[in-house]
Number of protein chains: 2
Amino acid sequence: MMQFASPRADQPTHRIGEAVVTVTDASGAPLADTEVSVRQTRHAFTFGNIGFDFIEAANGEPRDGDEALAESYVELFNTATLPFYWGRFEPERGKPDTARLRRTAEWLRDRGVALKGHPLVWHTSQPAWLLGLPLAEVERLQRERIRRDVAGFADLIDTWDAINEVVIMPNFDNGDNAITPLARAKGRIAMIRLAFEEARAANPSVTLLLNDFDLSSAYECLIEGVLEAGIRLDAIGLQTHMHQGYWGEEAMLAMVERFARYGLPLHLTESSLVSGHLMPPEIEDLNDYRIPSWPSTEEGEARQADEIARHYRSLVGHPSVEAITYWGITDAGAWLGAPIGLVRADGSRKPSWHALHDLIKGEWWLPPTTVRTDADGRFGVRGFAGDYSVTVGGSSPESAICLSQQQNQTVHLTMEVEGQSQ
Amino acid sequence: MMQFASPRADQPTHRIGEAVVTVTDASGAPLADTEVSVRQTRHAFTFGNIGFDFIEAANGEPRDGDEALAESYVELFNTATLPFYWGRFEPERGKPDTARLRRTAEWLRDRGVALKGHPLVWHTSQPAWLLGLPLAEVERLQRERIRRDVAGFADLIDTWDAINEVVIMPNFDNGDNAITPLARAKGRIAMIRLAFEEARAANPSVTLLLNDFDLSSAYECLIEGVLEAGIRLDAIGLQTHMHQGYWGEEAMLAMVERFARYGLPLHLTESSLVSGHLMPPEIEDLNDYRIPSWPSTEEGEARQADEIARHYRSLVGHPSVEAITYWGITDAGAWLGAPIGLVRADGSRKPSWHALHDLIKGEWWLPPTTVRTDADGRFGVRGFAGDYSVTVGGSSPESAICLSQQQNQTVHLTMEVEGQSQ
């Protein structure tokens with residue numbers, strides 16, 4: 001009877017892969033009835049968060065607590081979204097912040113974190129020096145900036161929010177910017193085409209997303225227009241900032257279902273849940289709510305922990321979802337000053353951090369597990385799609401295997417076993 | 001100094017056309033210093049309303065007051081929208097109500113009223129016999145019905161709401177219908193393409209509209225997708241049912257501006273204003289508000305009269321608007337039982353009827369006007385685009401001239417003048 005290294009039984013079956021592994025020694029002889037240790041090393045599913053907080057540490061200006069924050073980060077998250085808001089990235093024309101962002105990307109990559117860039121085109125956080133230029137010049141500069149940054153980070157960043165919040169783009173009126181008039185003149189789909197064609201040209205293997213907070217029929221109509229226009233979307237980005245309260249599994253999955261029908265991967269690109277009081281429901285634009293202090297409370301932290309677990313469990317349970325990016329690791333400097341972090345401003349971990357850890361590194365994770373090979377040197381691994389490490393007898397070099405969702409694989413490992421090779 | 005027949009000076013200039021007319025007798029001699037009578041006979045602008053109330057009268061089953069109602073109608077409106085709701089038009093498969101609708105169209109045409117059909121594709125008012133058929137069969141039958149009805153009325157109806165309320169179509173869940181699943185499977189743009197290509201094939205000179213009540217960014221996104229897909233829209237249909245209160249000129253024109261940027265004619269396809277209490281603002285789907293009686297009140301009628309004048313004046317003032325269709329002539333049998341009619345259920349005219357008459361047949365209309373030709377037999381006409389009739393000396397046969405918006409024309413009329421030709 002072959003032994004399987006496998007987590008608890010109640011996993012979402014669409015996330016699970018399986019491998020039957022035959023272990024032989026260097027001479028090809030099966031290592032029968034031998035102890036093997038298996039452990040998961042990475043999720044295929046993207047558990048992301050923003051990496052905005054590590055720019056200083058990565059550039060030799062670490063602040064107190066940065067190393068501990070990084071530990072709290074990499075323990076949960078395998079992907080980081082980095083900020084490429086044009087106005088902040090290139091406040092002075094021709095002097096982009098490329099070097100600092102590259103060092104940040106490398107610093108995170110060295111810690112096992114994959115990278116995503118956000119966003120290439122948006123109407124907010126625009127450089128002041130674009131204002132007043134003719135539209136054709138704005139378009140040319142926008143195209144150049146996309147090519148420059150996608151190419152400049154091609155070795156580090158393989159996923160981009162190509163264009164952000166297009167539904168509102170031509171009607172956006174909260175402050176002057178050069179992109180809204182361009183979007184009004186060209187139309188939304190032409191703007192999307194511009195972003196995708198420049199990014200794709202600069203890095204043909206890149207994964208490109210539309211990203212929006214407007215999840216109404218408007219976004220459906222936009223996506224249908226984009227697909228009819230023959231523009232290839234690699235994934236649909238869905239923002240779910242929940243400062244006004246968790247939407248609940250039912251509403252969340254009904255929304256996901258509406259976008260799942262396009263047959264594209266869905267990325268929950270920006271999720272947040274507060275651990276303090278909720279923003280009043282009458283606020284329409286979250287940015288309009290400004291208060292001097294928004295504390296994290298014990299009651300709020302318990303609620304956030306409960307809700308984040310429900311949120312992640314429901315989304316991981318939907319086959320179309322390939323990524324969830326949370327929008328904040330720490331309350332320090334969090335968007336809108338809201339206590340949406342998973343650690344407090346002092347670096348201590350909130351219940352939400354532990355709740356997420358219980359899922360990502362608990363229920364959905366294979367910890368070091370020992371099995372014995374059968375008479376033919378075989379054992380099995382079953383678990384969440386991702387990377388796994390195998391050692392024989394506790395002392396061999398590690399071998400890596402990779403499980404893919406809903407696939408049964410046969411793997412042959414040749415192990416240099418110490419006891420035998422010496 | 002040439003004399004002009006011309007209405008008051010404060011007309012929206014983009015609506016105005018002008019002609020300089022030279023009148024000669026049969027021999028070619030100018031009719032100098034001669035009295036000419038000019039009067040407008042028709043507006044080029046579409047002042048429409050529903051023609052649903054005349055089906056009985058047109059089919060030999062007149063009800064009390066139908067003739068008076070028709071008088072109240074044709075005095076204001078030059079176009080009628082006829083009902084082609086599939087479920088009511090063809091309740092039994094293969095037995096469409098073609099003959100009755102044709103007689104109604106002819107009856108209205110004989111009274112100088114042009115015709116529009118509404119709608120060819122919609123998810124509401126669907127035939128029960130479509131339910132349960134395979135999607136491919138539903139699509140085939142939908143295509144056939146479009147061709148049949150557009151071709152069958154090609155001599156009478158030159159304008160159609162090709163497809164109605166597409167924004168909500170794939171998500172519509174208020175009752176089973178066969179169209180929502182088709183829209184979900186094909187996508188919104190494919191549904192629109194289906195409607196437009198079948199209607200266009202059946203009558204290449206037809207004017208085809210998208211029509212929607214959702215005037216949010218969703219409709220913008222849909223239109224942009226349709227235009228990117230190369231589907232030719234002849235006009236954009238905008239519903240403005242205002243049972244919950246008049247939106248005001250500013251909000252209305254801001255909405256119109258958002259859709260004007262596509263450079264297409266705008267048709268306000270369904271406008272209504274109540275002359276009783278307003279529907280509570282918390283009602284989301286107007287169809288959900290059902291009350292036993294919704295009386296027209298004196299106060300409400302005064303408000304409706306004021307608002308309808310403001311509504312029409314603001315829309316006629318916008319150059320992109322080519323049509324306003326009001327959604328009800330009488331309170332009897334009005335949609336939702338609401339007092340949106342311009343005449344009461346007893347046939348008497350409300351203040352709103354008179355307010356609209358003051359505009360359409362008053363301020364924006366050239367009544368019979370006498371001018372004298374100059375020494376070269378010339379006089380001028382300036383007024384709203386439309387048809388005008390000219391007679392010389394009060395006794396000649398009528399000649400027709402047509403003014404087009406923002407055009408200056410030169411017209412030569414040869415008149416058989418009684419006093420001279422005998």
# chains A, B, ... in the order shown; residues from 1 in each chain; ligands from 1

call {"tool": "interface_residues", "arguments": {"of": "chain B", "to": "chain A", "cutoff": "7 Å", "atoms": "only C-alpha atoms", "output": "ChimeraX atom specification"}}
result
/B:167,187,217-219,221-222,224-226,228-229

call {"tool": "select_by_dssp", "arguments": {"residues": "stretch 87-336 of chain B", "states": "strand (DSSP E)", "output": "PyMOL selection string"}}
result
chain B and resi 114-118+159-164+207-212+235-242+266-273+321-326

call {"tool": "closest_residue", "arguments": {"among": "B:Leu108, B:Ala128, B:Ala44, B:Leu356", "to": "B:Ala323", "atoms": "only C-alpha atoms"}}
result
B:Ala44

call {"tool": "residues_around", "arguments": {"residues": "stretch 84-95 of chain A", "least_positions_apart": "6", "cutoff": "12 Å", "atoms": "only C-alpha atoms", "output": "PyMOL selection string"}}
result
chain A and resi 50-52+101-102+105+116-131+141-142+144-146+148-150+153+157+160-164+177-179

call {"tool": "select_by_dssp", "arguments": {"residues": "stretch 148-330 of chain B", "states": "helix (DSSP H, G or I)", "output": "MDAnalysis selection string"}}
result
chainID B and resid 148:152 169:171 179:186 188:202 217:228 249:260 286:288 298:316

call {"tool": "closest_residue", "arguments": {"among": "A:Leu336, A:Ala183, A:Ile329, A:Val343", "to": "A:His241", "atoms": "only C-alpha atoms"}}
result
A:Leu336

call {"tool": "residues_around", "arguments": {"residues": "A:Val206", "least_positions_apart": "5", "cutoff": "10 Å", "atoms": "only C-alpha atoms", "output": "tab-separated table (two decimals) with N, CA and C atoms, in the first residue's frame"}}
result
chain	number	residue	atom	x	y	z
A	150	VAL	N	8.36	48.64	-18.67
A	150	VAL	CA	8.17	47.19	-18.82
A	150	VAL	C	9.47	46.54	-19.27
A	154	ALA	N	11.95	43.85	-17.14
A	154	ALA	CA	11.53	42.58	-17.73
A	154	ALA	C	12.14	41.39	-17.00
A	157	ILE	N	9.97	41.80	-13.20
A	157	ILE	CA	8.51	41.92	-13.08
A	157	ILE	C	7.86	41.29	-14.30
A	158	ASP	N	7.06	40.26	-14.06
A	158	ASP	CA	6.42	39.57	-15.19
A	158	ASP	C	4.91	39.80	-15.24
A	159	THR	N	4.39	40.61	-14.34
A	159	THR	CA	2.94	40.87	-14.30
A	159	THR	C	2.71	42.37	-14.05
A	160	TRP	N	1.81	42.94	-14.82
A	160	TRP	CA	1.52	44.39	-14.70
A	160	TRP	C	0.02	44.65	-14.73
A	199	ALA	N	3.04	47.44	-23.74
A	199	ALA	CA	3.61	46.54	-22.73
A	199	ALA	C	3.98	45.20	-23.36
A	200	ARG	N	3.12	44.71	-24.23
A	200	ARG	CA	3.37	43.41	-24.87
A	200	ARG	C	4.60	43.51	-25.78
A	201	ALA	N	4.72	44.62	-26.46
A	201	ALA	CA	5.88	44.80	-27.35
A	201	ALA	C	7.18	44.83	-26.54
A	234	ASP	N	-4.73	38.93	-20.21
A	234	ASP	CA	-4.22	37.71	-19.57
A	234	ASP	C	-4.98	37.40	-18.29

call {"tool": "closest_residue", "arguments": {"among": "A:Val20, A:Leu133, A:Leu403, A:Met415", "to": "A:Thr391", "atoms": "only C-alpha atoms"}}
result
A:Met415

call {"tool": "closest_residue", "arguments": {"among": "B:Pro368, B:Pro319, B:Pro292, B:Gly362", "to": "B:Gly337", "atoms": "only C-alpha atoms"}}
result
B:Pro292

call {"tool": "closest_residue", "arguments": {"among": "B:Asp374, B:Glu270, B:Glu106, B:Asp97", "to": "B:Thr24", "atoms": "only C-alpha atoms"}}
result
B:Asp374

call {"tool": "closest_residue", "arguments": {"among": "A:Glu71, A:Glu398, A:Asp212, A:Glu137", "to": "A:Val113", "atoms": "only C-alpha atoms"}}
result
A:Glu71

call {"tool": "residues_around", "arguments": {"residues": "A:Trp365", "least_positions_apart": "5", "cutoff": "10 Å", "atoms": "only C-alpha atoms", "output": "number ranges by chain"}}
result
A: 6-8, 39-43, 357-360, 383-386

call {"tool": "write_last_selection", "arguments": {"atoms": "N, CA and C atoms", "output": "PDB file, in the first residue's frame"}}
result
ATOM      1  N   SER A   6       0.161  14.041   2.426  1.00  0.00           N
ATOM      2  CA  SER A   6      -1.051  14.742   1.993  1.00  0.00           C
ATOM      3  C   SER A   6      -1.615  15.535   3.148  1.00  0.00           C
ATOM      4  N   PRO A   7      -2.115  16.727   2.880  1.00  0.00           N
ATOM      5  CA  PRO A   7      -2.719  17.507   3.960  1.00  0.00           C
ATOM      6  C   PRO A   7      -4.110  16.987   4.274  1.00  0.00           C
ATOM      7  N   ARG A   8      -4.834  17.698   5.118  1.00  0.00           N
ATOM      8  CA  ARG A   8      -6.176  17.284   5.513  1.00  0.00           C
ATOM      9  C   ARG A   8      -7.070  17.125   4.281  1.00  0.00           C
ATOM     10  N   ARG A  39       8.070  18.286   1.956  1.00  0.00           N
ATOM     11  CA  ARG A  39       7.488  19.515   2.500  1.00  0.00           C
ATOM     12  C   ARG A  39       7.231  20.495   1.365  1.00  0.00           C
ATOM     13  N   GLN A  40       6.187  21.266   1.529  1.00  0.00           N
ATOM     14  CA  GLN A  40       5.853  22.270   0.512  1.00  0.00           C
ATOM     15  C   GLN A  40       6.769  23.478   0.697  1.00  0.00           C
ATOM     16  N   THR A  41       7.185  24.071  -0.436  1.00  0.00           N
ATOM     17  CA  THR A  41       8.055  25.244  -0.354  1.00  0.00           C
ATOM     18  C   THR A  41       7.417  26.499  -0.957  1.00  0.00           C
ATOM     19  N   ARG A  42       6.367  26.307  -1.777  1.00  0.00           N
ATOM     20  CA  ARG A  42       5.758  27.480  -2.415  1.00  0.00           C
ATOM     21  C   ARG A  42       4.366  27.119  -2.939  1.00  0.00           C
ATOM     22  N   HIS A  43       3.461  28.114  -2.888  1.00  0.00           N
ATOM     23  CA  HIS A  43       2.147  27.964  -3.507  1.00  0.00           C
ATOM     24  C   HIS A  43       2.199  28.404  -4.968  1.00  0.00           C
ATOM     25  N   HIS A 357      -2.347  32.995   8.175  1.00  0.00           N
ATOM     26  CA  HIS A 357      -1.278  31.995   8.301  1.00  0.00           C
ATOM     27  C   HIS A 357      -1.862  30.599   8.500  1.00  0.00           C
ATOM     28  N   ASP A 358      -2.915  30.515   9.286  1.00  0.00           N
ATOM     29  CA  ASP A 358      -3.551  29.212   9.521  1.00  0.00           C
ATOM     30  C   ASP A 358      -4.045  28.584   8.213  1.00  0.00           C
ATOM     31  N   LEU A 359      -4.399  29.433   7.256  1.00  0.00           N
ATOM     32  CA  LEU A 359      -4.839  28.907   5.958  1.00  0.00           C
ATOM     33  C   LEU A 359      -3.640  28.657   5.048  1.00  0.00           C
ATOM     34  N   ILE A 360      -2.906  29.719   4.754  1.00  0.00           N
ATOM     35  CA  ILE A 360      -1.866  29.647   3.718  1.00  0.00           C
ATOM     36  C   ILE A 360      -0.729  28.712   4.130  1.00  0.00           C
ATOM     37  N   GLY A 383      -1.393  17.551  -2.754  1.00  0.00           N
ATOM     38  CA  GLY A 383      -1.520  18.813  -2.035  1.00  0.00           C
ATOM     39  C   GLY A 383      -1.789  19.973  -2.973  1.00  0.00           C
ATOM     40  N   PHE A 384      -1.846  21.167  -2.399  1.00  0.00           N
ATOM     41  CA  PHE A 384      -2.044  22.390  -3.175  1.00  0.00           C
ATOM     42  C   PHE A 384      -0.989  22.494  -4.278  1.00  0.00           C
ATOM     43  N   ALA A 385      -1.408  22.900  -5.446  1.00  0.00           N
ATOM     44  CA  ALA A 385      -0.458  23.132  -6.534  1.00  0.00           C
ATOM     45  C   ALA A 385       0.661  24.030  -6.024  1.00  0.00           C
ATOM     46  N   GLY A 386       1.891  23.656  -6.393  1.00  0.00           N
ATOM     47  CA  GLY A 386       3.031  24.441  -5.932  1.00  0.00           C
ATOM     48  C   GLY A 386       4.292  23.608  -5.930  1.00  0.00           C
TER      49      GLY A 386
END

call {"tool": "residues_around", "arguments": {"residues": "B:Gln239", "least_positions_apart": "4", "cutoff": "9 Å", "atoms": "only C-alpha atoms", "output": "ChimeraX atom specification"}}
result
/B:211-215,267-271

call {"tool": "residues_around", "arguments": {"residues": "B:Val392", "least_positions_apart": "5", "cutoff": "9 Å", "atoms": "only C-alpha atoms", "output": "count of residues only"}}
result
11
